[in-house]
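> Starting off with a structure, shown below.
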Amino acid sequence: MCGFVGFLDLHRRWRDPELQALAAAMVGRLQSRGPDDAGVWSDASAGIALGHRRLSIIDLSPAGHQPMVSASGRFVIAFNGEIYNFPEIRSRLLEEEPVVFRGHSDTEVLLAACERWGLDRTLLQINGMFAFALWDREQRVLTLARDHMGIKPLYWGRCGETIYFGSQPKAFAAHPDWTGKVDRDALDLYTRLGYVPAPHSIFSGIEKLEPGHMAVIGEGGTSHKVVYWDLSKVAARAAADPVDCSEAEAVEDLDRLLRAAVGRQMVSDVPLGAFLSGGIDSSVVAALMQDQSRKKVRTFSIGFGDPAYDEAPHAKAVATHLGTDHSEYYVGAQELVSGVWKVPEIYDEPFGDSSQLPTAILCAAARRQVTVAL
């Protein structure tokens, strides 16, 4: 999963040891997002500190350690996510001009692309799910970017003379300037919608960066947002120029695209599995995984004693048909009730989705066998 956090102290009150101690305390709140490694970086002259927790998936060596500094030393990145086409990006960078890579992580490739091509061009080239903070030491500009569909979370905002940013606002609570006041307008949105929609967050002064957006923060805390990708415009272009093909050709194209997408997400240096409910979406993903795997894919599902809610038999039937290595976890009422008390530790904002507890329980169970699950 990974996670990062950082802050920009506009008054530059602290030296590097103090900045790093604060960043370490903040990133300590994100241990569940990255149990394998942790790192901090700071620049007292600019008042900035970055922290990162790592779940090692690609390049398990220290060469993938974050925050990561670019080869020239100009850029520093804290990155959460995966860049699925990083091998192609790496090859293109090497073809254009020799690059010395220290390891084979997608983080290093992303950082090299930002340095070579600039962030605007890089965001148009990469395929993945991501949220990251990129600090330009030369221009003293902080850029926050979130993936096209908003799969990875990214919160940011200002409290007093400190700008916060990171994967989860729970990390901000370790900073002495953090107040954590509830935004009453956001609370109203939650009671009406069952969740807090972006760009709002439950905390006053803190936003969720929207999908396909960048936030650019300059010296003095001035900021502006940039839309680098807009789903509504993509849909409008598609509607204006619809695909002219037969149903059979559409099915073939869909199969090709889904197969490629699933295949890209199977690149991993750690054990990989899939969550399987027996529904259309998860069954398609599991089927395409198994079709592209030399081994039995590990699939996981959760069951309940009440047949009205129990999807486990459907999942088991699909797993048997596909020939996966399947595991079921049945949850009782007492386990669900006990899990309620863990909800505030797991989720930073309220949302009215009854699947949140079973999902957390399934993740904990699956983690005993795999590191990543599609």
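Ligands are numbered from 1 in the order shown, residues from 1 within each chain, and chains are lettered A, B, ... in the order they appear in the structure tokens.
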Please run DSSP on the backbone and report, as a count of residues only, all residues within segment 145-331 of chain A that come out as strand (DSSP E).
43
> Residues at most 7 Å from segment 218-230 of chain A, counting only C-alpha atoms, excluding those fewer than 6 positions away in the same chain, as a PyMOL selection string?
chain A and resi 10+140-142+148+212
> Take the residues just selected and output them with N, CA, C and O atoms as a PDB file, in the first residue's frame.

```pdb
ATOM      1  N   LEU A  10       5.903  27.420   7.119  1.00  0.00           N
ATOM      2  CA  LEU A  10       6.082  28.697   6.429  1.00  0.00           C
ATOM      3  C   LEU A  10       6.958  29.663   7.207  1.00  0.00           C
ATOM      4  O   LEU A  10       7.512  30.602   6.622  1.00  0.00           O
ATOM      5  N   ARG A 140      12.059  25.627  -5.231  1.00  0.00           N
ATOM      6  CA  ARG A 140      11.349  25.614  -3.953  1.00  0.00           C
ATOM      7  C   ARG A 140       9.833  25.582  -4.182  1.00  0.00           C
ATOM      8  O   ARG A 140       9.077  26.397  -3.653  1.00  0.00           O
ATOM      9  N   VAL A 141       9.437  24.620  -4.985  1.00  0.00           N
ATOM     10  CA  VAL A 141       8.023  24.414  -5.311  1.00  0.00           C
ATOM     11  C   VAL A 141       7.643  22.976  -4.948  1.00  0.00           C
ATOM     12  O   VAL A 141       8.361  22.033  -5.286  1.00  0.00           O
ATOM     13  N   LEU A 142       6.529  22.839  -4.264  1.00  0.00           N
ATOM     14  CA  LEU A 142       5.995  21.529  -3.911  1.00  0.00           C
ATOM     15  C   LEU A 142       4.809  21.230  -4.815  1.00  0.00           C
ATOM     16  O   LEU A 142       3.885  22.043  -4.918  1.00  0.00           O
ATOM     17  N   HIS A 148      -5.438   9.478 -12.110  1.00  0.00           N
ATOM     18  CA  HIS A 148      -6.546   9.876 -12.971  1.00  0.00           C
ATOM     19  C   HIS A 148      -7.913   9.599 -12.351  1.00  0.00           C
ATOM     20  O   HIS A 148      -8.839  10.403 -12.508  1.00  0.00           O
ATOM     21  N   GLY A 212      -7.079  13.255 -11.017  1.00  0.00           N
ATOM     22  CA  GLY A 212      -6.611  13.956 -12.204  1.00  0.00           C
ATOM     23  C   GLY A 212      -6.143  15.370 -11.947  1.00  0.00           C
ATOM     24  O   GLY A 212      -6.044  16.175 -12.875  1.00  0.00           O
TER      25      GLY A 212
END
```
> Find the residues near segment 179-194 of chain A: any atom within 7 Å, counting only C-alpha atoms, skip ones fewer than 5 places away on the same chain, and give them as a PDB file with C-alpha atoms, in the first residue's frame.

```pdb
ATOM      1  CA  HIS A 200     -14.031  18.352   1.062  1.00  0.00           C
ATOM      2  CA  SER A 201     -12.713  16.438   4.032  1.00  0.00           C
ATOM      3  CA  ILE A 202     -14.097  15.997   7.526  1.00  0.00           C
ATOM      4  CA  PHE A 203     -11.342  18.290   8.856  1.00  0.00           C
ATOM      5  CA  SER A 204     -11.515  22.053   8.611  1.00  0.00           C
ATOM      6  CA  PHE A 351     -18.465   6.823   5.409  1.00  0.00           C
ATOM      7  CA  GLY A 352     -21.710   4.888   5.448  1.00  0.00           C
TER       8      GLY A 352
END
```
> With the cut-off set at 12 Å and counting only C-alpha atoms, tabulate each residue of segment 214-297 of chain A with an atom at most that distance from an atom of segment 164-174 of chain A, showing the nearest atom pair and its distance in Å to one decimal, ordered by chain and increasing number, as JSON lines.

```
{"residue": "A:Ala215", "atom": "CA", "partner": "A:Phe165", "partner_atom": "CA", "distance": 10.4}
{"residue": "A:Val216", "atom": "CA", "partner": "A:Phe165", "partner_atom": "CA", "distance": 11.9}
{"residue": "A:Ile217", "atom": "CA", "partner": "A:Phe165", "partner_atom": "CA", "distance": 11.0}
{"residue": "A:Gly221", "atom": "CA", "partner": "A:Tyr164", "partner_atom": "CA", "distance": 10.9}
```
> Which is closest to Lys152 of chain A among A:Ile89, A:Cys2, A:Ala71, A:Leu19, if we use only C-alpha atoms?
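Of all the options, A:Cys2 lies closest to Lys152 of chain A.
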> Compile the contact shell of segment 329-336 of chain A as a CSV table (one decimal) with all heavy atoms, in the first residue's frame: residues with an atom at most 10 Å away, counting only C-alpha atoms, same-chain residues fewer than 5 positions apart removed.

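Saved as selection10.csv:
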```
chain,number,residue,atom,x,y,z
A,300,PHE,N,-9.5,-15.1,-2.2
A,300,PHE,CA,-10.0,-15.0,-0.8
A,300,PHE,C,-11.4,-14.4,-0.9
A,300,PHE,O,-11.7,-13.5,-1.6
A,300,PHE,CB,-9.1,-14.1,0.0
A,300,PHE,CG,-7.6,-14.5,0.0
A,300,PHE,CD1,-6.8,-14.0,-1.0
A,300,PHE,CD2,-7.1,-15.3,1.0
A,300,PHE,CE1,-5.4,-14.4,-1.0
A,300,PHE,CE2,-5.8,-15.7,1.0
A,300,PHE,CZ,-4.9,-15.2,0.0
A,301,SER,N,-12.2,-15.0,0.0
A,301,SER,CA,-13.6,-14.5,0.1
A,301,SER,C,-14.0,-14.6,1.5
A,301,SER,O,-13.5,-15.3,2.4
A,301,SER,CB,-14.6,-15.3,-0.8
A,301,SER,OG,-14.7,-16.6,-0.3
A,302,ILE,N,-15.1,-13.8,1.9
A,302,ILE,CA,-15.6,-13.7,3.2
A,302,ILE,C,-17.0,-14.1,3.2
A,302,ILE,O,-17.8,-13.9,2.3
A,302,ILE,CB,-15.4,-12.3,3.8
A,302,ILE,CG1,-15.5,-12.3,5.3
A,302,ILE,CG2,-16.4,-11.3,3.2
A,302,ILE,CD1,-14.9,-11.1,6.0
A,303,GLY,N,-17.4,-14.9,4.3
A,303,GLY,CA,-18.8,-15.4,4.4
A,303,GLY,C,-19.4,-15.0,5.7
A,303,GLY,O,-18.8,-14.7,6.6
A,304,PHE,N,-20.8,-15.1,5.7
A,304,PHE,CA,-21.6,-14.8,6.8
A,304,PHE,C,-22.6,-15.9,7.1
A,304,PHE,O,-23.0,-16.7,6.2
A,304,PHE,CB,-22.3,-13.5,6.6
A,304,PHE,CG,-21.4,-12.3,6.2
A,304,PHE,CD1,-21.2,-12.0,4.9
A,304,PHE,CD2,-20.8,-11.6,7.2
A,304,PHE,CE1,-20.4,-11.0,4.6
A,304,PHE,CE2,-20.0,-10.5,6.9
A,304,PHE,CZ,-19.8,-10.2,5.5
A,305,GLY,N,-23.0,-16.1,8.3
A,305,GLY,CA,-23.9,-17.1,8.7
A,305,GLY,C,-25.3,-16.9,8.1
A,305,GLY,O,-26.0,-17.9,7.9
A,306,ASP,N,-25.7,-15.7,7.9
A,306,ASP,CA,-27.0,-15.4,7.3
A,306,ASP,C,-26.9,-15.5,5.8
A,306,ASP,O,-26.2,-14.8,5.1
A,306,ASP,CB,-27.4,-13.9,7.6
A,306,ASP,CG,-28.8,-13.6,7.2
A,306,ASP,OD1,-29.4,-14.3,6.4
A,306,ASP,OD2,-29.4,-12.6,7.8
A,310,ASP,N,-24.7,-13.9,2.5
A,310,ASP,CA,-23.5,-14.7,2.3
A,310,ASP,C,-23.3,-14.9,0.8
A,310,ASP,O,-24.1,-15.6,0.1
A,310,ASP,CB,-23.7,-16.1,3.0
A,310,ASP,CG,-22.4,-16.9,2.9
A,310,ASP,OD1,-21.4,-16.3,2.7
A,310,ASP,OD2,-22.6,-18.1,3.1
A,312,ALA,N,-20.2,-16.3,-0.2
A,312,ALA,CA,-19.1,-17.2,-0.2
A,312,ALA,C,-19.4,-18.4,-1.1
A,312,ALA,O,-18.5,-18.9,-1.8
A,312,ALA,CB,-18.8,-17.7,1.2
A,341,TRP,N,-15.0,-1.2,17.0
A,341,TRP,CA,-14.1,-0.3,17.8
A,341,TRP,C,-12.8,0.0,17.1
A,341,TRP,O,-12.1,0.9,17.5
A,341,TRP,CB,-13.9,-0.9,19.2
A,341,TRP,CG,-15.1,-1.2,19.9
A,341,TRP,CD1,-15.8,-2.3,20.1
A,341,TRP,CD2,-15.9,-0.2,20.6
A,341,TRP,NE1,-16.9,-2.2,20.8
A,341,TRP,CE2,-17.1,-0.8,21.1
A,341,TRP,CE3,-15.8,1.2,20.7
A,341,TRP,CZ2,-18.0,-0.2,21.8
A,341,TRP,CZ3,-16.8,1.9,21.4
A,341,TRP,CH2,-17.9,1.2,22.0
A,357,LEU,N,-16.3,-3.0,7.4
A,357,LEU,CA,-15.8,-4.0,8.4
A,357,LEU,C,-15.4,-5.3,7.8
A,357,LEU,O,-14.3,-5.8,8.0
A,357,LEU,CB,-16.8,-4.2,9.5
A,357,LEU,CG,-16.7,-3.3,10.8
A,357,LEU,CD1,-17.8,-3.6,11.7
A,357,LEU,CD2,-15.3,-3.6,11.4
A,358,PRO,N,-16.2,-6.0,7.0
A,358,PRO,CA,-15.8,-7.2,6.4
A,358,PRO,C,-14.6,-7.1,5.5
A,358,PRO,O,-13.8,-8.0,5.5
A,358,PRO,CB,-17.1,-7.6,5.5
A,358,PRO,CG,-18.2,-6.9,6.2
A,358,PRO,CD,-17.7,-5.6,6.7
A,361,ILE,N,-11.6,-7.0,7.8
A,361,ILE,CA,-11.3,-8.4,8.3
A,361,ILE,C,-10.7,-9.3,7.2
A,361,ILE,O,-9.8,-10.1,7.5
A,361,ILE,CB,-12.6,-9.0,8.9
A,361,ILE,CG1,-13.1,-8.2,10.1
A,361,ILE,CG2,-12.5,-10.5,9.2
A,361,ILE,CD1,-14.5,-8.5,10.6
A,362,LEU,N,-11.3,-9.2,6.0
A,362,LEU,CA,-10.7,-10.0,4.9
A,362,LEU,C,-9.3,-9.6,4.6
A,362,LEU,O,-8.4,-10.5,4.4
A,362,LEU,CB,-11.6,-9.8,3.7
A,362,LEU,CG,-11.2,-10.7,2.5
A,362,LEU,CD1,-11.2,-12.2,2.8
A,362,LEU,CD2,-12.1,-10.3,1.3
A,365,ALA,N,-7.0,-11.2,7.2
A,365,ALA,CA,-6.8,-12.6,7.0
A,365,ALA,C,-6.0,-12.9,5.8
A,365,ALA,O,-5.1,-13.8,5.8
A,365,ALA,CB,-8.2,-13.2,6.8
A,366,ALA,N,-6.2,-12.2,4.7
A,366,ALA,CA,-5.4,-12.5,3.4
A,366,ALA,C,-4.0,-12.1,3.6
A,366,ALA,O,-3.1,-12.8,3.0
A,366,ALA,CB,-6.0,-11.7,2.3
```
> Between atom CA of Ser327 of chain A and atom CA of Asp269 of chain A, measure the distance and give it in Å to one decimal.
21.9 Å
> Residues at most 6 Å from segment 274-280 of chain A, counting only C-alpha atoms, excluding those fewer than 3 positions away in the same chain, as a PyMOL selection string?
chain A and resi 283+299-301+314-315+373-374
> Can you measure atom CA of Leu110 of chain A to atom CA of His52 of chain A for me? One decimal in Å is fine.
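Between these atoms lies a distance of 16.1 Å.
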> Going by DSSP on the backbone, which bits of segment 181-326 of chain A are alpha helix (DSSP H)? Write them as a compact mmCIF listing (two decimals) with N, CA, C and O atoms, in the first residue's frame, please.

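In the end it all went to result-v8.txt:
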```txt
# COMPACT_ATOMS: atom_id res chain seq x y z
N ARG A 184 -18.02 21.52 9.82
CA ARG A 184 -19.46 21.28 9.97
C ARG A 184 -20.16 21.16 8.62
O ARG A 184 -21.16 20.44 8.48
N ASP A 185 -19.67 21.86 7.60
CA ASP A 185 -20.26 21.73 6.26
C ASP A 185 -20.00 20.33 5.70
O ASP A 185 -20.87 19.74 5.06
N ALA A 186 -18.80 19.82 5.95
CA ALA A 186 -18.48 18.47 5.50
C ALA A 186 -19.32 17.43 6.25
O ALA A 186 -19.76 16.43 5.67
N LEU A 187 -19.55 17.69 7.53
CA LEU A 187 -20.39 16.79 8.32
C LEU A 187 -21.81 16.77 7.77
O LEU A 187 -22.46 15.72 7.71
N ASP A 188 -22.29 17.93 7.34
CA ASP A 188 -23.61 18.00 6.72
C ASP A 188 -23.66 17.19 5.43
O ASP A 188 -24.63 16.47 5.16
N LEU A 189 -22.60 17.29 4.63
CA LEU A 189 -22.53 16.50 3.40
C LEU A 189 -22.55 15.01 3.71
O LEU A 189 -23.20 14.23 3.02
N TYR A 190 -21.85 14.62 4.77
CA TYR A 190 -21.82 13.21 5.14
C TYR A 190 -23.21 12.70 5.53
O TYR A 190 -23.63 11.61 5.12
N THR A 191 -23.93 13.48 6.32
CA THR A 191 -25.24 13.02 6.77
C THR A 191 -26.21 12.91 5.60
O THR A 191 -27.17 12.12 5.66
N ARG A 192 -25.99 13.68 4.54
CA ARG A 192 -26.87 13.61 3.37
C ARG A 192 -26.46 12.54 2.38
O ARG A 192 -27.30 11.91 1.74
N LEU A 193 -25.14 12.35 2.22
CA LEU A 193 -24.64 11.48 1.15
C LEU A 193 -24.11 10.13 1.64
O LEU A 193 -23.97 9.20 0.85
N LEU A 231 -12.09 13.22 -16.71
CA LEU A 231 -12.90 12.10 -17.19
C LEU A 231 -14.09 12.57 -18.02
O LEU A 231 -14.45 11.95 -19.02
N SER A 232 -14.71 13.68 -17.63
CA SER A 232 -15.88 14.16 -18.36
C SER A 232 -15.52 14.54 -19.79
O SER A 232 -16.29 14.31 -20.73
N LYS A 233 -14.31 15.11 -19.98
CA LYS A 233 -13.88 15.46 -21.34
C LYS A 233 -13.57 14.20 -22.15
O LYS A 233 -13.84 14.15 -23.36
N VAL A 234 -12.99 13.20 -21.51
CA VAL A 234 -12.73 11.94 -22.19
C VAL A 234 -14.04 11.30 -22.65
O VAL A 234 -14.16 10.83 -23.79
N ALA A 235 -15.04 11.32 -21.77
CA ALA A 235 -16.35 10.75 -22.11
C ALA A 235 -17.02 11.54 -23.23
O ALA A 235 -17.65 10.96 -24.13
N ALA A 236 -16.88 12.87 -23.19
CA ALA A 236 -17.49 13.70 -24.23
C ALA A 236 -16.86 13.43 -25.60
O ALA A 236 -17.56 13.37 -26.62
N ARG A 237 -15.54 13.28 -25.62
CA ARG A 237 -14.86 12.98 -26.90
C ARG A 237 -15.30 11.62 -27.43
O ARG A 237 -15.50 11.45 -28.64
N ALA A 238 -15.46 10.65 -26.53
CA ALA A 238 -15.88 9.33 -26.95
C ALA A 238 -17.31 9.35 -27.50
O ALA A 238 -17.63 8.68 -28.49
N ALA A 239 -18.18 10.14 -26.85
CA ALA A 239 -19.57 10.24 -27.31
C ALA A 239 -19.65 10.92 -28.67
O ALA A 239 -20.51 10.58 -29.50
N ALA A 240 -18.76 11.90 -28.89
CA ALA A 240 -18.76 12.63 -30.16
C ALA A 240 -18.20 11.79 -31.30
O ALA A 240 -18.51 12.04 -32.48
N GLU A 247 -20.42 -6.21 -32.53
CA GLU A 247 -20.44 -6.67 -31.14
C GLU A 247 -19.29 -7.64 -30.88
O GLU A 247 -18.65 -7.59 -29.82
N ALA A 248 -19.01 -8.50 -31.83
CA ALA A 248 -17.91 -9.46 -31.66
C ALA A 248 -16.57 -8.74 -31.54
O ALA A 248 -15.73 -9.12 -30.72
N GLU A 249 -16.39 -7.70 -32.34
CA GLU A 249 -15.14 -6.93 -32.27
C GLU A 249 -15.04 -6.19 -30.94
O GLU A 249 -13.95 -6.07 -30.35
N ALA A 250 -16.19 -5.68 -30.44
CA ALA A 250 -16.20 -4.98 -29.14
C ALA A 250 -15.82 -5.93 -28.02
O ALA A 250 -15.05 -5.58 -27.11
N VAL A 251 -16.35 -7.15 -28.07
CA VAL A 251 -16.02 -8.16 -27.06
C VAL A 251 -14.54 -8.49 -27.10
O VAL A 251 -13.87 -8.59 -26.06
N GLU A 252 -14.02 -8.62 -28.29
CA GLU A 252 -12.59 -8.95 -28.44
C GLU A 252 -11.71 -7.82 -27.91
O GLU A 252 -10.71 -8.06 -27.22
N ASP A 253 -12.10 -6.57 -28.21
CA ASP A 253 -11.32 -5.42 -27.73
C ASP A 253 -11.39 -5.32 -26.20
O ASP A 253 -10.39 -5.03 -25.54
N LEU A 254 -12.58 -5.55 -25.65
CA LEU A 254 -12.73 -5.49 -24.19
C LEU A 254 -11.88 -6.55 -23.52
O LEU A 254 -11.20 -6.29 -22.52
N ASP A 255 -11.89 -7.76 -24.08
CA ASP A 255 -11.06 -8.84 -23.53
C ASP A 255 -9.59 -8.47 -23.57
O ASP A 255 -8.85 -8.67 -22.60
N ARG A 256 -9.15 -7.88 -24.67
CA ARG A 256 -7.73 -7.49 -24.81
C ARG A 256 -7.36 -6.43 -23.79
O ARG A 256 -6.31 -6.51 -23.14
N LEU A 257 -8.22 -5.43 -23.62
CA LEU A 257 -7.93 -4.35 -22.69
C LEU A 257 -7.92 -4.83 -21.24
O LEU A 257 -7.04 -4.47 -20.46
N LEU A 258 -8.92 -5.64 -20.88
CA LEU A 258 -8.98 -6.16 -19.51
C LEU A 258 -7.80 -7.08 -19.21
O LEU A 258 -7.20 -7.02 -18.13
N ARG A 259 -7.46 -7.92 -20.19
CA ARG A 259 -6.34 -8.84 -20.01
C ARG A 259 -5.04 -8.07 -19.79
O ARG A 259 -4.23 -8.40 -18.91
N ALA A 260 -4.84 -7.02 -20.57
CA ALA A 260 -3.63 -6.21 -20.43
C ALA A 260 -3.60 -5.48 -19.09
O ALA A 260 -2.56 -5.41 -18.43
N ALA A 261 -4.75 -4.95 -18.68
CA ALA A 261 -4.82 -4.22 -17.42
C ALA A 261 -4.52 -5.13 -16.23
O ALA A 261 -3.75 -4.77 -15.33
N VAL A 262 -5.13 -6.30 -16.22
CA VAL A 262 -4.89 -7.25 -15.13
C VAL A 262 -3.45 -7.75 -15.15
O VAL A 262 -2.79 -7.85 -14.11
N GLY A 263 -2.94 -8.02 -16.34
CA GLY A 263 -1.55 -8.49 -16.46
C GLY A 263 -0.56 -7.48 -15.92
O GLY A 263 0.42 -7.85 -15.24
N ARG A 264 -0.78 -6.19 -16.18
CA ARG A 264 0.13 -5.15 -15.68
C ARG A 264 0.13 -5.13 -14.16
O ARG A 264 1.16 -4.90 -13.53
N GLN A 265 -1.04 -5.37 -13.56
CA GLN A 265 -1.13 -5.29 -12.10
C GLN A 265 -0.62 -6.54 -11.41
O GLN A 265 -0.54 -6.58 -10.18
N ILE A 280 -19.61 -10.40 -10.95
CA ILE A 280 -19.02 -10.28 -12.29
C ILE A 280 -17.62 -9.69 -12.25
O ILE A 280 -16.68 -10.24 -12.83
N ASP A 281 -17.45 -8.57 -11.55
CA ASP A 281 -16.17 -7.86 -11.58
C ASP A 281 -15.02 -8.70 -11.04
O ASP A 281 -14.00 -8.90 -11.71
N SER A 282 -15.19 -9.19 -9.81
CA SER A 282 -14.09 -9.94 -9.18
C SER A 282 -13.86 -11.27 -9.90
O SER A 282 -12.72 -11.75 -9.97
N SER A 283 -14.91 -11.86 -10.45
CA SER A 283 -14.75 -13.13 -11.18
C SER A 283 -13.95 -12.93 -12.46
O SER A 283 -13.11 -13.76 -12.82
N VAL A 284 -14.21 -11.81 -13.16
CA VAL A 284 -13.45 -11.51 -14.37
C VAL A 284 -11.98 -11.29 -14.04
O VAL A 284 -11.09 -11.81 -14.73
N VAL A 285 -11.71 -10.52 -12.98
CA VAL A 285 -10.32 -10.27 -12.59
C VAL A 285 -9.61 -11.57 -12.23
O VAL A 285 -8.49 -11.84 -12.68
N ALA A 286 -10.26 -12.41 -11.41
CA ALA A 286 -9.64 -13.68 -11.01
C ALA A 286 -9.42 -14.59 -12.22
O ALA A 286 -8.39 -15.27 -12.32
N ALA A 287 -10.37 -14.62 -13.15
CA ALA A 287 -10.24 -15.46 -14.34
C ALA A 287 -9.07 -15.03 -15.20
O ALA A 287 -8.28 -15.86 -15.67
N LEU A 288 -8.93 -13.71 -15.40
CA LEU A 288 -7.84 -13.21 -16.22
C LEU A 288 -6.49 -13.36 -15.52
O LEU A 288 -5.46 -13.55 -16.18
N MET A 289 -6.47 -13.30 -14.20
CA MET A 289 -5.25 -13.57 -13.45
C MET A 289 -4.82 -15.02 -13.63
O MET A 289 -3.67 -15.32 -13.94
N GLN A 290 -5.79 -15.95 -13.41
CA GLN A 290 -5.46 -17.36 -13.50
C GLN A 290 -5.02 -17.74 -14.91
O GLN A 290 -4.12 -18.57 -15.10
N ASP A 291 -5.62 -17.12 -15.91
CA ASP A 291 -5.28 -17.41 -17.30
C ASP A 291 -3.85 -16.98 -17.64
O ASP A 291 -3.23 -17.54 -18.54
N ALA A 312 -20.24 -16.26 -0.15
CA ALA A 312 -19.14 -17.22 -0.20
C ALA A 312 -19.42 -18.42 -1.11
O ALA A 312 -18.52 -18.86 -1.83
N PRO A 313 -20.63 -18.98 -1.13
CA PRO A 313 -20.87 -20.11 -2.04
C PRO A 313 -20.68 -19.75 -3.51
O PRO A 313 -20.17 -20.56 -4.29
N HIS A 314 -21.08 -18.53 -3.87
CA HIS A 314 -20.88 -18.08 -5.26
C HIS A 314 -19.39 -17.97 -5.57
O HIS A 314 -18.92 -18.39 -6.64
N ALA A 315 -18.64 -17.40 -4.63
CA ALA A 315 -17.20 -17.26 -4.82
C ALA A 315 -16.52 -18.62 -4.93
O ALA A 315 -15.63 -18.82 -5.77
N LYS A 316 -16.94 -19.55 -4.08
CA LYS A 316 -16.34 -20.89 -4.11
C LYS A 316 -16.62 -21.59 -5.43
O LYS A 316 -15.75 -22.29 -5.98
N ALA A 317 -17.82 -21.40 -5.97
CA ALA A 317 -18.17 -22.02 -7.25
C ALA A 317 -17.28 -21.46 -8.37
O ALA A 317 -16.79 -22.22 -9.23
N VAL A 318 -17.06 -20.15 -8.35
CA VAL A 318 -16.19 -19.54 -9.36
C VAL A 318 -14.76 -20.03 -9.19
O VAL A 318 -14.08 -20.36 -10.17
N ALA A 319 -14.27 -20.08 -7.94
CA ALA A 319 -12.90 -20.53 -7.68
C ALA A 319 -12.69 -21.97 -8.13
O ALA A 319 -11.65 -22.31 -8.70
N THR A 320 -13.69 -22.80 -7.89
CA THR A 320 -13.60 -24.21 -8.32
C THR A 320 -13.54 -24.30 -9.84
O THR A 320 -12.75 -25.06 -10.41
N HIS A 321 -14.36 -23.50 -10.51
CA HIS A 321 -14.38 -23.49 -11.97
C HIS A 321 -13.04 -23.02 -12.54
O HIS A 321 -12.54 -23.58 -13.52
N LEU A 322 -12.45 -22.00 -11.89
CA LEU A 322 -11.19 -21.44 -12.39
C LEU A 322 -9.97 -22.25 -11.95
O LEU A 322 -8.91 -22.13 -12.54
```
> Between atom CA of Pro211 of chain A and atom CA of Val76 of chain A, measure the distance and give it in Å to one decimal.
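That distance, rounded to one decimal, is 22.2 Å.
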> Would you list the contacts of Asp177 of chain A as a count of residues only, taking every protein, DNA or RNA residue within 10 Å and counting only C-alpha atoms, but skipping same-chain residues closer than 6 positions in sequence?
6
